[in-house]
Amino acid sequence: MHKRMGEAVARVARKVNDTVENKADSLDLANCKLMTFPVGIYKAMRSVTEGIHRISLANNELKSITGRFVTTFSQLTELNLAGNYLHRLPEEITSLLHLRAIDLSRNRFRRFPEPLATVPALETIDLEENEIAEVPMDKLASMALLRSLNLRANPVGPEVRLLVQPLVPFDLLLSPEEPIPKA
């Protein structure tokens, strides 16, 4: 087990070093079995954080992301957090003024992460396969740049299904309704 953990740590270190050395605009730490975002990465990447525009932390074991993560990578345009155990986002997410796309599919959100409604440049929100029943459509309808909200495979209420264009100025993706079983 220790050998596998060591290999995982080495893989993360290699990916971070590649990003720093190549002054890349993205950091891909998907499928690294991360339970938290490694604190050492902040120091290792401090010279390039302003240039990071895309981060993938997909398919890890994250239960939360911190405000420090969000404020450190303040220039993000894309954030992929799919396939984790997240159930909320830090309030600091509202400071991501350039964030255009966020993937939160296959997580544990029971409620729509409301701080997203105030992220000014957000165009795409993917919340497929969560546990969301209620959605603050009034707040979402006021998001000027929102183009797509994916809520497939969520137990959204019937009131959300009634909202169609032109009531919401974005594509609202929902799973087909289950047929009502006959008694």
# chains A, B, ... in the order shown; residues from 1 in each chain; ligands from 1

$ residues_around --residues "stretch 140-148 of chain A" --least-positions-apart "5" --cutoff "7 Å" --atoms "only C-alpha atoms" --output "MDAnalysis selection string"
chainID A and resid 117 121:125 168:172

$ write_last_selection --atoms "all heavy atoms" --output "CSV table (one decimal), in the first residue's frame"
chain,number,residue,atom,x,y,z
A,117,ALA,N,-24.2,31.3,-8.7
A,117,ALA,CA,-25.1,32.3,-9.3
A,117,ALA,C,-24.5,33.7,-9.4
A,117,ALA,O,-25.0,34.5,-10.2
A,117,ALA,CB,-26.4,32.3,-8.6
A,121,ALA,N,-18.8,35.5,-15.2
A,121,ALA,CA,-18.5,35.1,-16.6
A,121,ALA,C,-19.0,33.6,-16.9
A,121,ALA,O,-18.8,33.1,-18.0
A,121,ALA,CB,-17.0,35.2,-16.9
A,122,LEU,N,-19.6,33.0,-15.9
A,122,LEU,CA,-20.0,31.6,-16.0
A,122,LEU,C,-21.0,31.4,-17.2
A,122,LEU,O,-22.0,32.0,-17.2
A,122,LEU,CB,-20.6,31.1,-14.7
A,122,LEU,CG,-20.4,29.7,-14.3
A,122,LEU,CD1,-19.0,29.1,-14.5
A,122,LEU,CD2,-20.9,29.4,-12.9
A,123,GLU,N,-20.6,30.5,-18.1
A,123,GLU,CA,-21.4,30.1,-19.2
A,123,GLU,C,-22.0,28.7,-19.1
A,123,GLU,O,-23.0,28.4,-19.6
A,123,GLU,CB,-20.5,30.2,-20.5
A,123,GLU,CG,-20.0,31.6,-20.8
A,123,GLU,CD,-19.0,31.6,-22.0
A,123,GLU,OE1,-18.8,30.5,-22.6
A,123,GLU,OE2,-18.5,32.7,-22.2
A,124,THR,N,-21.2,27.8,-18.5
A,124,THR,CA,-21.6,26.4,-18.5
A,124,THR,C,-21.4,25.8,-17.0
A,124,THR,O,-20.4,25.9,-16.4
A,124,THR,CB,-20.7,25.5,-19.4
A,124,THR,OG1,-20.7,26.1,-20.7
A,124,THR,CG2,-21.1,24.1,-19.5
A,125,ILE,N,-22.5,25.2,-16.5
A,125,ILE,CA,-22.5,24.5,-15.2
A,125,ILE,C,-23.0,23.1,-15.4
A,125,ILE,O,-24.1,22.9,-16.0
A,125,ILE,CB,-23.4,25.2,-14.2
A,125,ILE,CG1,-23.0,26.7,-14.0
A,125,ILE,CG2,-23.4,24.5,-12.9
A,125,ILE,CD1,-24.1,27.5,-13.2
A,168,VAL,N,-36.2,30.8,-19.1
A,168,VAL,CA,-34.7,30.8,-18.8
A,168,VAL,C,-34.0,30.9,-20.1
A,168,VAL,O,-34.2,30.3,-21.1
A,168,VAL,CB,-34.4,29.4,-18.1
A,168,VAL,CG1,-34.9,29.4,-16.7
A,168,VAL,CG2,-34.8,28.2,-18.8
A,169,PRO,N,-33.0,31.9,-20.1
A,169,PRO,CA,-32.3,32.2,-21.3
A,169,PRO,C,-31.1,31.3,-21.6
A,169,PRO,O,-30.1,31.7,-22.2
A,169,PRO,CB,-31.9,33.7,-21.1
A,169,PRO,CG,-31.7,33.7,-19.6
A,169,PRO,CD,-32.7,32.8,-19.0
A,170,PHE,N,-31.1,30.1,-21.1
A,170,PHE,CA,-30.0,29.1,-21.3
A,170,PHE,C,-30.6,27.7,-21.5
A,170,PHE,O,-31.8,27.5,-21.3
A,170,PHE,CB,-29.1,29.1,-20.1
A,170,PHE,CG,-29.8,28.9,-18.8
A,170,PHE,CD1,-30.1,27.7,-18.3
A,170,PHE,CD2,-30.1,30.0,-18.0
A,170,PHE,CE1,-30.7,27.5,-17.1
A,170,PHE,CE2,-30.7,29.9,-16.8
A,170,PHE,CZ,-31.0,28.6,-16.3
A,171,ASP,N,-29.7,26.8,-22.0
A,171,ASP,CA,-30.2,25.4,-22.2
A,171,ASP,C,-30.2,24.7,-20.9
A,171,ASP,O,-29.2,24.7,-20.2
A,171,ASP,CB,-29.2,24.7,-23.1
A,171,ASP,CG,-29.2,25.2,-24.6
A,171,ASP,OD1,-30.3,25.7,-25.0
A,171,ASP,OD2,-28.2,25.1,-25.2
A,172,LEU,N,-31.4,24.2,-20.6
A,172,LEU,CA,-31.5,23.5,-19.3
A,172,LEU,C,-31.7,22.0,-19.7
A,172,LEU,O,-32.6,21.6,-20.3
A,172,LEU,CB,-32.8,24.0,-18.6
A,172,LEU,CG,-33.2,23.3,-17.3
A,172,LEU,CD1,-32.1,23.4,-16.2
A,172,LEU,CD2,-34.5,23.9,-16.7

$ residues_around --residues "stretch 102-109 of chain A" --least-positions-apart "5" --cutoff "8 Å" --atoms "only C-alpha atoms" --output "JSON, numbers by chain"
{"A": [78, 79, 80, 81, 82, 83, 84, 85, 86, 87, 88, 122, 124, 125, 126, 127, 128, 129, 130, 131, 132]}

$ residues_around --residues "A:Leu116" --least-positions-apart "3" --cutoff "8 Å" --atoms "only C-alpha atoms" --output "list in words"
Ile93, Thr94, Pro113, Val119 and Leu122 of chain A

$ write_last_selection --atoms "C-alpha atoms" --output "short mmCIF file (atom, residue, chain, number, x, y, z; two decimals), in the first residue's frame"
data_model
loop_
_atom_site.label_atom_id
_atom_site.label_comp_id
_atom_site.auth_asym_id
_atom_site.auth_seq_id
_atom_site.Cartn_x
_atom_site.Cartn_y
_atom_site.Cartn_z
CA ILE A 93 -15.78 30.84 -5.71
CA THR A 94 -17.55 34.15 -6.37
CA PRO A 113 -24.26 25.59 -5.10
CA VAL A 119 -19.86 34.20 -10.83
CA LEU A 122 -20.00 31.60 -16.02
#

$ residues_around --residues "A:Arg68" --least-positions-apart "3" --cutoff "12 Å" --atoms "only C-alpha atoms" --output "list in words"
Phe37, Pro38, Val39, Ile41, Tyr42, Ser64, Ile65, Thr71, Thr72, Phe73, Ser74, Leu89, Pro90, Glu91, Glu92, Ile93 and Ser95 of chain A

$ write_last_selection --atoms "N, CA, C and O atoms" --output "short mmCIF file (atom, residue, chain, number, x, y, z; two decimals), in the first residue's frame"
data_model
loop_
_atom_site.label_atom_id
_atom_site.label_comp_id
_atom_site.auth_asym_id
_atom_site.auth_seq_id
_atom_site.Cartn_x
_atom_site.Cartn_y
_atom_site.Cartn_z
N PHE A 37 -6.56 18.89 -1.62
CA PHE A 37 -5.61 19.52 -2.54
C PHE A 37 -4.32 19.71 -1.77
O PHE A 37 -4.31 20.36 -0.72
N PRO A 38 -3.21 19.10 -2.23
CA PRO A 38 -1.95 19.15 -1.47
C PRO A 38 -1.44 20.58 -1.23
O PRO A 38 -1.24 21.33 -2.17
N VAL A 39 -1.26 20.93 0.02
CA VAL A 39 -0.82 22.27 0.41
C VAL A 39 0.53 22.62 -0.23
O VAL A 39 0.76 23.76 -0.62
N ILE A 41 1.55 22.17 -3.08
CA ILE A 41 1.41 22.63 -4.47
C ILE A 41 1.35 24.16 -4.52
O ILE A 41 1.87 24.77 -5.45
N TYR A 42 0.76 24.79 -3.51
CA TYR A 42 0.69 26.25 -3.51
C TYR A 42 2.09 26.85 -3.60
O TYR A 42 2.33 27.78 -4.36
N SER A 64 -13.93 18.43 -0.20
CA SER A 64 -14.10 19.88 -0.22
C SER A 64 -12.93 20.51 -0.97
O SER A 64 -11.89 19.89 -1.14
N ILE A 65 -13.16 21.74 -1.40
CA ILE A 65 -12.05 22.57 -1.88
C ILE A 65 -12.08 23.81 -1.00
O ILE A 65 -13.14 24.22 -0.51
N THR A 71 -8.73 31.32 -4.27
CA THR A 71 -8.05 32.61 -4.36
C THR A 71 -6.64 32.48 -4.94
O THR A 71 -6.14 33.42 -5.57
N THR A 72 -6.01 31.32 -4.77
CA THR A 72 -4.67 31.11 -5.34
C THR A 72 -4.75 31.03 -6.86
O THR A 72 -3.91 31.59 -7.57
N PHE A 73 -5.74 30.32 -7.37
CA PHE A 73 -5.89 30.15 -8.81
C PHE A 73 -7.00 31.08 -9.32
O PHE A 73 -7.99 30.64 -9.90
N SER A 74 -6.80 32.36 -9.12
CA SER A 74 -7.85 33.37 -9.36
C SER A 74 -8.12 33.63 -10.83
O SER A 74 -9.12 34.26 -11.17
N LEU A 89 -19.44 24.37 -2.13
CA LEU A 89 -18.30 25.12 -2.64
C LEU A 89 -18.02 26.26 -1.68
O LEU A 89 -18.94 26.78 -1.04
N PRO A 90 -16.76 26.69 -1.59
CA PRO A 90 -16.46 27.83 -0.71
C PRO A 90 -17.03 29.12 -1.29
O PRO A 90 -17.15 29.27 -2.51
N GLU A 91 -17.39 30.05 -0.42
CA GLU A 91 -17.93 31.34 -0.84
C GLU A 91 -16.97 32.05 -1.79
O GLU A 91 -17.38 32.80 -2.66
N GLU A 92 -15.67 31.80 -1.62
CA GLU A 92 -14.65 32.48 -2.44
C GLU A 92 -14.80 32.18 -3.93
O GLU A 92 -14.21 32.87 -4.76
N ILE A 93 -15.59 31.17 -4.29
CA ILE A 93 -15.78 30.84 -5.71
C ILE A 93 -16.32 32.06 -6.46
O ILE A 93 -16.08 32.22 -7.65
N SER A 95 -15.22 34.91 -6.37
CA SER A 95 -14.11 35.77 -6.78
C SER A 95 -13.47 35.32 -8.09
O SER A 95 -12.55 35.98 -8.59
#

$ select_by_dssp --residues "stretch 54-153 of chain A" --states "alpha helix (DSSP H)" --output "PyMOL selection string"
chain A and resi 67-72+137-141

$ closest_residue --among "A:Ala101, A:Glu50, A:Met45, A:Ala58" --to "A:Leu29" --atoms "only C-alpha atoms"
A:Ala58

$ closest_residue --among "A:Ala133, A:Ile55, A:Val9, A:Leu151" --to "A:Asp28" --atoms "only C-alpha atoms"
A:Ile55
